[in-house]
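Below: one structure, written as structure tokens.
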Amino acid sequence: MTLPTEPIGSIPRPAYLVDGLGEFAAGRIDAAALAELESRALADTIRRFEETGSPVLTDGEQGKPSFATYPLAGLEALAPDGVVIPFADGHTRQLPRLTAGPFRYATHADSYLTRAKTLTDRPVKQAVIAASALSLIYPGGGIEGYPQEQFVADLVNEAEADIRGSLEAGADSVQIDFTEGRLSLKLDPSGGLLRQFVELNNAVLDRFTAEERAKIGVHTCPGGDQDSVHSLDVDYAGLLPALFDLKAGRFFVQLASEADPERALRVIADHLKAGQRVFVGVTDPIDPRVETAEEIRDRVLTAAKYVPAERLGTCDDCGFSPFADDTSTSRDIAFAKIAARVEGTRLASEALG
């Protein structure tokens with residue numbers, strides 16, 4: 001048996017790219033110069049991913065401004081005063097606010113995938129942002145001439161196109177980032193917002209066949225930005241039952257940084273549906289210490305006590321740099337953790353026979 005193991009998405013950008021993003025924002029370099037820096041960073045990311053032995057790669061999100069806002073880059077009908085997401089260390093991230101319709105993605109994820117696939121023969125997965133996350137850009141007071149119902153219809157169309165475009169471009173799988181799932185329970189402890197999010201994301205997933213949904217996954221975590229989180233204090237038991245109501249075939253669940261991972265594994269075991277596979281997080285991107293392969297092996301073996309091995313995989317808890325300016329983790333540490341995950345999963349596979 002060989003357990004599958006996959007990265008989540010982002011890799012810290014090299015210093016020259018972070019500097020270039022600042023220079024571009026200040027108008028001191030043009031788009032072509034920035035694209036050249038992104039291409040250089042992408043080639044280095046793919047090379048270093050291959051060196052870890054990872055059977056599946058990502059582009060490291062080197063060209064994304066953030067995991068959440070890439071579809072919005074370049075849109076004009078946006079104001080900066082949208083929903084604020086507070087993190088445990090006191091810093092915040094703020095989404096833009098939509099000011100006019102119709103809503104359309106300015107960038108689709110397959111553009112990142114296509115560039116990465118030219119640089120490797122290995123399978124490449126593609127991360128996309130959940131429709132539920134982008135639903136937060138619609139203002140509570142509405143938009144004159146563009147009702148929320150029409151916005152949601154447009155959003156579902158665009159989210160479907162984002163996933164479908166990546167599948168058609170040859171993605172090994174498509175991962176929907178759903179970090180707002182756990183956060184929703186902090187915003188609305190009744191679970192009403194979470195149920196709305198699940199229904200919205202299922203409206204997108206319903207447009208795919210069972211065979212296509214087997215290649216679509218959902219990632220959940222409590223956030224990971226500048227070595228801080230936004231919802232680790234929210235009880236996983238409130239999220240996980242609803243998570244597996246999503247009509248996807250794969251689930252990537254943060255566990256390495258969880259205080260009581262076995263409690264979460266019991267909930268997973270009770271709610272994982274037929275045909276679904278769960279990838280458990282075995283490396284913590286926020287912890288600067290690199291896990292040993294033996295630690296990772298033991299985490300996998302613990303998970304295998306609750307989830308049948310044929311329905312189990314491993315992943316990192318979260319992306320290492322979901323926002324482009326996050327330099328709290330070095331590239332060296334990120335790739336060392338990925339290499340440890342690959343080796344630890346191999347050791348666990350051997351132990352499981």
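Residues are referred to by chain and number: the chain letter is A, B, ... according to the order shown in the structure tokens, the number counts from 1 in that chain, and ligands are numbered separately from 1 in the order shown.
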Neighbour list for Phe24 (chain A) as a PyMOL selection string, cut-off 7 Å, only C-alpha atoms, skip fewer than 5 positions in-chain: chain A and resi 29-30+34
File dump, residues just selected, C-alpha atoms, as a short mmCIF file (atom, residue, chain, number, x, y, z; two decimals), in the first residue's frame:
data_model
loop_
_atom_site.label_atom_id
_atom_site.label_comp_id
_atom_site.auth_asym_id
_atom_site.auth_seq_id
_atom_site.Cartn_x
_atom_site.Cartn_y
_atom_site.Cartn_z
CA ILE A 29 8.23 48.21 -12.49
CA ASP A 30 5.73 47.16 -15.13
CA LEU A 34 6.84 41.36 -12.58
#
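Of the residues in region 103-162 of chain A, those given alpha helix (DSSP H) by DSSP on the backbone are Asp110, Ser111, Tyr112, Leu113, Thr114, Arg115, Ala116, Lys117, Ala131, Ser132, Ala133, Leu134, Gln148, Glu149, Gln150, Phe151, Val152, Ala153, Asp154, Leu155, Val156, Asn157, Glu158, Ala159, Glu160, Ala161 and Asp162 of chain A.
Across the structure, CA of Lys117 (chain A) and CA of Gly60 (chain A) are spaced 12.4 Å apart.
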What's the 8 Å shell around Thr58 (chain A), counting only C-alpha atoms, without same-chain residues fewer than 5 positions away, as an MDAnalysis selection string? chainID A and resid 7:10 46 116 124:126
Output N, CA, C and O atoms for every residue in that selection, as a short mmCIF file (atom, residue, chain, number, x, y, z; two decimals), in the first residue's frame.
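Once everything was written out, this is selection.cif:
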data_model
loop_
_atom_site.label_atom_id
_atom_site.label_comp_id
_atom_site.auth_asym_id
_atom_site.auth_seq_id
_atom_site.Cartn_x
_atom_site.Cartn_y
_atom_site.Cartn_z
N PRO A 7 0.70 18.34 -1.32
CA PRO A 7 0.79 19.67 -0.72
C PRO A 7 -0.57 20.36 -0.75
O PRO A 7 -1.49 19.92 -1.44
N ILE A 8 -0.68 21.42 -0.01
CA ILE A 8 -1.93 22.20 -0.01
C ILE A 8 -1.89 23.29 -1.06
O ILE A 8 -2.83 23.46 -1.83
N GLY A 9 -0.82 24.05 -1.14
CA GLY A 9 -0.81 25.10 -2.16
C GLY A 9 0.41 25.98 -2.09
O GLY A 9 1.42 25.72 -2.74
N SER A 10 0.36 27.01 -1.26
CA SER A 10 1.35 28.08 -1.35
C SER A 10 2.70 27.72 -0.74
O SER A 10 2.78 27.00 0.24
N ILE A 46 9.09 24.68 -8.71
CA ILE A 46 8.86 23.36 -9.29
C ILE A 46 10.10 22.47 -9.10
O ILE A 46 9.99 21.29 -8.73
N ALA A 116 2.68 26.09 -14.84
CA ALA A 116 3.40 25.10 -14.04
C ALA A 116 3.62 23.80 -14.82
O ALA A 116 4.69 23.18 -14.74
N VAL A 124 0.22 17.82 -11.39
CA VAL A 124 0.09 19.12 -10.74
C VAL A 124 -1.36 19.30 -10.32
O VAL A 124 -2.28 19.17 -11.14
N LYS A 125 -1.57 19.59 -9.04
CA LYS A 125 -2.91 19.92 -8.57
C LYS A 125 -3.08 21.43 -8.58
O LYS A 125 -2.09 22.18 -8.57
N GLN A 126 -4.33 21.88 -8.59
CA GLN A 126 -4.60 23.31 -8.65
C GLN A 126 -5.56 23.70 -7.53
O GLN A 126 -6.63 23.12 -7.40
#
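Distances from A:Thr120, A:Ser135, A:Thr107, A:Ser349 to Phe151 (chain A) were compared using only C-alpha atoms, and the smallest one belongs to A:Ser135.
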Could you give me, as CSV, every region 112-155 of chain A residue with an atom at most 12 Å from region 215-228 of chain A, plus its closest atom pair and distance in Å to one decimal, counting only C-alpha atoms, rows ordered by chain then number?
residue,atom,partner,partner_atom,distance
A:Lys125,CA,A:Lys215,CA,9.6
A:Gln126,CA,A:Ile216,CA,9.7
A:Ala127,CA,A:Gly217,CA,9.1
A:Val128,CA,A:Val218,CA,9.6
A:Ile129,CA,A:Val218,CA,9.8
A:Ala130,CA,A:Val218,CA,8.6
A:Ala131,CA,A:Val218,CA,11.8
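The coordinates place CA of Leu3 (chain A) at 10.5 Å from CA of Gly353 (chain A).
On the backbone of this structure, DSSP gives strand (DSSP E) within region 162-295 of chain A to Val174, Gln175, Ile176, Asp177, Ile216, Gly217, Val218, His219, Thr220, Arg250, Phe251, Phe252, Val253, Arg277, Val278, Phe279, Val280, Gly281, Val282 and Thr283 of chain A.
Minimum distance to Ala43 (chain A) across A:Phe67, A:Leu119, A:Phe335, A:Phe197 (counting only C-alpha atoms) occurs at A:Leu119.
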CA of Val229 (chain A) and CA of Pro288 (chain A), how far apart in Å? 14.7 Å
Find the residues near Ala304 (chain A): any atom within 12 Å, counting only C-alpha atoms, skip ones fewer than 3 places away on the same chain, and give them as a short mmCIF file (atom, residue, chain, number, x, y, z; two decimals) with N, CA and C atoms, in the first residue's frame.
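After the write, selection.cif holds the following:
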data_model
loop_
_atom_site.label_atom_id
_atom_site.label_comp_id
_atom_site.auth_asym_id
_atom_site.auth_seq_id
_atom_site.Cartn_x
_atom_site.Cartn_y
_atom_site.Cartn_z
N LEU A 3 0.25 5.21 0.55
CA LEU A 3 -0.70 6.27 0.87
C LEU A 3 -0.42 7.50 0.01
N GLU A 262 -6.96 13.27 17.96
CA GLU A 262 -7.74 12.03 17.99
C GLU A 262 -9.23 12.30 18.18
N LEU A 265 -10.34 13.09 14.78
CA LEU A 265 -10.37 11.88 13.96
C LEU A 265 -11.62 11.04 14.24
N ARG A 266 -12.07 11.03 15.48
CA ARG A 266 -13.29 10.29 15.81
C ARG A 266 -14.49 10.91 15.09
N ILE A 268 -14.32 12.67 12.30
CA ILE A 268 -14.14 12.36 10.88
C ILE A 268 -14.64 10.95 10.58
N ALA A 269 -14.25 10.00 11.41
CA ALA A 269 -14.65 8.61 11.19
C ALA A 269 -16.16 8.45 11.20
N VAL A 278 -10.00 11.17 3.04
CA VAL A 278 -9.54 12.29 3.85
C VAL A 278 -8.01 12.29 3.90
N PHE A 279 -7.44 13.45 3.60
CA PHE A 279 -6.00 13.69 3.73
C PHE A 279 -5.80 14.44 5.04
N VAL A 280 -5.06 13.84 5.97
CA VAL A 280 -4.88 14.47 7.27
C VAL A 280 -3.61 15.30 7.28
N ARG A 297 5.22 9.67 10.47
CA ARG A 297 4.77 8.27 10.40
C ARG A 297 3.80 7.97 11.53
N ASP A 298 4.16 8.37 12.74
CA ASP A 298 3.32 8.05 13.89
C ASP A 298 1.97 8.78 13.83
N ARG A 299 1.96 9.99 13.30
CA ARG A 299 0.69 10.71 13.14
C ARG A 299 -0.21 9.99 12.13
N VAL A 300 0.39 9.47 11.08
CA VAL A 300 -0.39 8.74 10.09
C VAL A 300 -0.94 7.45 10.70
N LEU A 301 -0.13 6.75 11.43
CA LEU A 301 -0.58 5.49 12.03
C LEU A 301 -1.69 5.74 13.04
N VAL A 307 -9.50 5.91 10.47
CA VAL A 307 -9.89 5.98 9.06
C VAL A 307 -9.23 4.82 8.33
N PRO A 308 -9.98 4.02 7.58
CA PRO A 308 -9.36 2.91 6.84
C PRO A 308 -8.24 3.42 5.94
N ALA A 309 -7.14 2.70 5.90
CA ALA A 309 -5.96 3.15 5.16
C ALA A 309 -6.26 3.42 3.70
N GLU A 310 -7.19 2.64 3.12
CA GLU A 310 -7.51 2.84 1.70
C GLU A 310 -8.30 4.12 1.46
N ARG A 311 -8.70 4.81 2.54
CA ARG A 311 -9.43 6.07 2.41
C ARG A 311 -8.66 7.22 3.06
N LEU A 312 -7.34 7.00 3.24
CA LEU A 312 -6.51 7.93 3.98
C LEU A 312 -5.40 8.47 3.08
N GLY A 313 -5.01 9.71 3.31
CA GLY A 313 -3.87 10.33 2.68
C GLY A 313 -3.28 11.34 3.64
N THR A 314 -2.19 12.00 3.24
CA THR A 314 -1.57 13.02 4.09
C THR A 314 -1.38 14.31 3.31
N THR A 345 5.26 9.68 5.26
CA THR A 345 4.12 8.94 4.66
C THR A 345 4.59 7.62 4.07
N ALA A 348 4.99 5.25 6.94
CA ALA A 348 3.68 4.80 7.40
C ALA A 348 3.09 3.76 6.46
N SER A 349 3.28 4.00 5.15
CA SER A 349 2.78 3.04 4.17
C SER A 349 3.42 1.67 4.37
N ALA A 351 4.66 0.53 7.18
CA ALA A 351 4.17 -0.04 8.45
C ALA A 351 2.77 -0.62 8.30
N LEU A 352 1.99 -0.01 7.42
CA LEU A 352 0.61 -0.49 7.21
C LEU A 352 0.54 -1.67 6.24
#
Excluding Arg48 (chain A) and residues on its chain fewer than 4 positions from it, collect all residues at most 12 Å away from it, counting only C-alpha atoms, and give them as a PDB file with N, CA and C atoms, in the first residue's frame.
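Full text of part_3.pdb as output:
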ATOM      1  N   ILE A  11       3.729  28.258  -1.342  1.00  0.00           N
ATOM      2  CA  ILE A  11       5.106  28.203  -0.870  1.00  0.00           C
ATOM      3  C   ILE A  11       5.578  29.642  -0.713  1.00  0.00           C
ATOM      4  N   ALA A  41      10.581  32.564 -10.113  1.00  0.00           N
ATOM      5  CA  ALA A  41      10.198  31.943  -8.842  1.00  0.00           C
ATOM      6  C   ALA A  41       9.463  30.626  -9.072  1.00  0.00           C
ATOM      7  N   LEU A  42       8.635  30.580 -10.093  1.00  0.00           N
ATOM      8  CA  LEU A  42       7.889  29.365 -10.405  1.00  0.00           C
ATOM      9  C   LEU A  42       8.832  28.235 -10.786  1.00  0.00           C
ATOM     10  N   ALA A  43       9.800  28.506 -11.636  1.00  0.00           N
ATOM     11  CA  ALA A  43      10.748  27.471 -12.065  1.00  0.00           C
ATOM     12  C   ALA A  43      11.523  26.931 -10.873  1.00  0.00           C
ATOM     13  N   ASP A  44      11.941  27.808  -9.974  1.00  0.00           N
ATOM     14  CA  ASP A  44      12.669  27.368  -8.785  1.00  0.00           C
ATOM     15  C   ASP A  44      11.767  26.546  -7.872  1.00  0.00           C
ATOM     16  N   THR A  52      11.996  17.192  -3.374  1.00  0.00           N
ATOM     17  CA  THR A  52      11.444  16.609  -2.145  1.00  0.00           C
ATOM     18  C   THR A  52      10.914  15.198  -2.368  1.00  0.00           C
ATOM     19  N   GLY A  53      10.749  14.796  -3.622  1.00  0.00           N
ATOM     20  CA  GLY A  53      10.150  13.510  -3.923  1.00  0.00           C
ATOM     21  C   GLY A  53       8.635  13.540  -3.927  1.00  0.00           C
ATOM     22  N   SER A  54       8.048  14.714  -3.819  1.00  0.00           N
ATOM     23  CA  SER A  54       6.590  14.826  -3.775  1.00  0.00           C
ATOM     24  C   SER A  54       5.979  14.241  -5.044  1.00  0.00           C
ATOM     25  N   LEU A  57       2.614  17.921  -7.317  1.00  0.00           N
ATOM     26  CA  LEU A  57       3.162  19.257  -7.126  1.00  0.00           C
ATOM     27  C   LEU A  57       2.054  20.310  -7.180  1.00  0.00           C
ATOM     28  N   THR A  58       2.390  21.516  -6.752  1.00  0.00           N
ATOM     29  CA  THR A  58       1.590  22.703  -7.051  1.00  0.00           C
ATOM     30  C   THR A  58       2.534  23.764  -7.608  1.00  0.00           C
ATOM     31  N   ASP A  59       1.969  24.866  -8.059  1.00  0.00           N
ATOM     32  CA  ASP A  59       2.818  25.964  -8.538  1.00  0.00           C
ATOM     33  C   ASP A  59       3.318  26.828  -7.389  1.00  0.00           C
ATOM     34  N   GLY A  60       2.945  26.466  -6.156  1.00  0.00           N
ATOM     35  CA  GLY A  60       3.362  27.250  -5.003  1.00  0.00           C
ATOM     36  C   GLY A  60       2.680  28.598  -4.901  1.00  0.00           C
ATOM     37  N   LEU A 119       6.671  22.996 -16.921  1.00  0.00           N
ATOM     38  CA  LEU A 119       7.965  22.876 -16.254  1.00  0.00           C
ATOM     39  C   LEU A 119       8.194  21.517 -15.599  1.00  0.00           C
ATOM     40  N   THR A 120       7.211  20.617 -15.668  1.00  0.00           N
ATOM     41  CA  THR A 120       7.358  19.326 -15.001  1.00  0.00           C
ATOM     42  C   THR A 120       6.523  18.259 -15.702  1.00  0.00           C
ATOM     43  N   ARG A 331      11.475  29.579   2.640  1.00  0.00           N
ATOM     44  CA  ARG A 331      11.322  28.546   1.621  1.00  0.00           C
ATOM     45  C   ARG A 331      12.044  27.267   2.044  1.00  0.00           C
ATOM     46  N   ASP A 332      13.217  27.406   2.656  1.00  0.00           N
ATOM     47  CA  ASP A 332      13.967  26.231   3.066  1.00  0.00           C
ATOM     48  C   ASP A 332      13.176  25.391   4.063  1.00  0.00           C
ATOM     49  N   ILE A 333      12.562  26.039   5.042  1.00  0.00           N
ATOM     50  CA  ILE A 333      11.779  25.299   6.036  1.00  0.00           C
ATOM     51  C   ILE A 333      10.568  24.660   5.377  1.00  0.00           C
ATOM     52  N   ALA A 334       9.902  25.386   4.489  1.00  0.00           N
ATOM     53  CA  ALA A 334       8.725  24.831   3.822  1.00  0.00           C
ATOM     54  C   ALA A 334       9.076  23.555   3.061  1.00  0.00           C
ATOM     55  N   PHE A 335      10.137  23.582   2.287  1.00  0.00           N
ATOM     56  CA  PHE A 335      10.493  22.399   1.508  1.00  0.00           C
ATOM     57  C   PHE A 335      11.034  21.284   2.398  1.00  0.00           C
ATOM     58  N   ALA A 336      11.679  21.633   3.513  1.00  0.00           N
ATOM     59  CA  ALA A 336      12.136  20.595   4.447  1.00  0.00           C
ATOM     60  C   ALA A 336      10.945  19.882   5.069  1.00  0.00           C
ATOM     61  N   ILE A 338       7.981  19.573   3.673  1.00  0.00           N
ATOM     62  CA  ILE A 338       7.362  18.763   2.616  1.00  0.00           C
ATOM     63  C   ILE A 338       8.148  17.466   2.429  1.00  0.00           C
ATOM     64  N   ALA A 339       9.477  17.555   2.415  1.00  0.00           N
ATOM     65  CA  ALA A 339      10.294  16.349   2.274  1.00  0.00           C
ATOM     66  C   ALA A 339      10.052  15.389   3.431  1.00  0.00           C
TER      67      ALA A 339
END
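Closest approach to Arg250 (chain A) among A:Glu38, A:Glu294, A:Glu6, A:Glu160 is made by A:Glu6 (distances from only C-alpha atoms).
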